[in-house]
Amino acid sequence: ASSRTRLPYRTYESAGGAEIRVGRAAADNDLLSTSPEHCDGDDWWLHAAGCPGSHVVIRTTTLPGGELSEATELDAAVLAANHSRAPLSGKVPVTLCRARQVSKPKGAKPGLVQLNGDVRTVSVDWRKERHRLERLRPKPS
């Protein structure tokens, strides 16, 4: 048995070298999205819109120049879509905002969060973008 603590997420690396964290289960999503141990307010947060799925965090400190590139945004959005119950056909809407805009309502069930402020939707054209999964493999934890 491993003496290492189980992390509430799997780690991936974008094409540009940014670290992308994908929650494992509902309670893990809460930890990933709201615990300063796993996420900073400046990090980017993604989730497939309108359906259950993993919370996804892009670590801002790992972004080249601190800027979110379209390629990294799409890598993370594809992971959010793939780790959700969204129908993987056509365009899959994925919500994107800063992690500081994510809060846990009191008494909410695991994985349920509230978003505040400026929230964007990234539209993932599944047929065109799913090839990214061939490159996006979880790093050994």
# chains A, B, ... in the order shown; residues from 1 in each chain; ligands from 1
>>> closest_atom_pairs(of="range 21-63 of chain A", to="range 5-15 of chain A", cutoff="12 Å", atoms="only C-alpha atoms", output="Markdown table")
| residue | atom | partner | partner_atom | distance |
| --- | --- | --- | --- | --- |
| A:Arg21 | CA | A:Thr11 | CA | 4.7 |
| A:Val22 | CA | A:Tyr9 | CA | 5.0 |
| A:Gly23 | CA | A:Tyr9 | CA | 4.2 |
| A:Arg24 | CA | A:Tyr9 | CA | 5.1 |
| A:Ala25 | CA | A:Pro8 | CA | 7.7 |
| A:Ala26 | CA | A:Pro8 | CA | 9.6 |
| A:Ala27 | CA | A:Pro8 | CA | 8.2 |
| A:Asp28 | CA | A:Pro8 | CA | 4.6 |
| A:Asn29 | CA | A:Pro8 | CA | 7.1 |
| A:Asp30 | CA | A:Pro8 | CA | 8.9 |
| A:Leu31 | CA | A:Pro8 | CA | 6.8 |
| A:Leu32 | CA | A:Pro8 | CA | 6.4 |
| A:Ser33 | CA | A:Pro8 | CA | 10.0 |
| A:Thr34 | CA | A:Pro8 | CA | 11.7 |
| A:Ser35 | CA | A:Pro8 | CA | 10.5 |
| A:Glu37 | CA | A:Leu7 | CA | 10.5 |
| A:His38 | CA | A:Pro8 | CA | 8.6 |
| A:Cys39 | CA | A:Tyr9 | CA | 11.0 |
| A:Ser54 | CA | A:Tyr9 | CA | 9.1 |
| A:His55 | CA | A:Tyr9 | CA | 9.0 |
| A:Val56 | CA | A:Tyr9 | CA | 8.7 |
| A:Val57 | CA | A:Tyr9 | CA | 9.5 |
| A:Ile58 | CA | A:Ser14 | CA | 9.2 |
| A:Arg59 | CA | A:Glu13 | CA | 10.3 |
| A:Thr62 | CA | A:Glu13 | CA | 9.6 |
| A:Leu63 | CA | A:Ser14 | CA | 9.4 |
>>> select_by_dssp(residues="range 15-79 of chain A", states="strand (DSSP E or B)", output="VMD selection string")
chain A and resid 19 to 23 44 to 48 53 56 to 58
>>> residues_around(residues="Arg100 in chain A", least_positions_apart="4", cutoff="8 Å", atoms="only C-alpha atoms", output="PyMOL selection string")
chain A and resi 40-43
>>> write_last_selection(atoms="C-alpha atoms", output="short mmCIF file (atom, residue, chain, number, x, y, z; two decimals), in the first residue's frame")
data_model
loop_
_atom_site.label_atom_id
_atom_site.label_comp_id
_atom_site.auth_asym_id
_atom_site.auth_seq_id
_atom_site.Cartn_x
_atom_site.Cartn_y
_atom_site.Cartn_z
CA ASP A 40 -5.93 29.07 -5.88
CA GLY A 41 -8.46 31.82 -6.57
CA ASP A 42 -6.58 32.78 -9.74
CA ASP A 43 -6.79 29.26 -11.17
#
>>> closest_residue(among="A:Leu79, A:Ile20, A:Leu68, A:Ala99", to="Gln114 in chain A", atoms="only C-alpha atoms")
A:Ala99
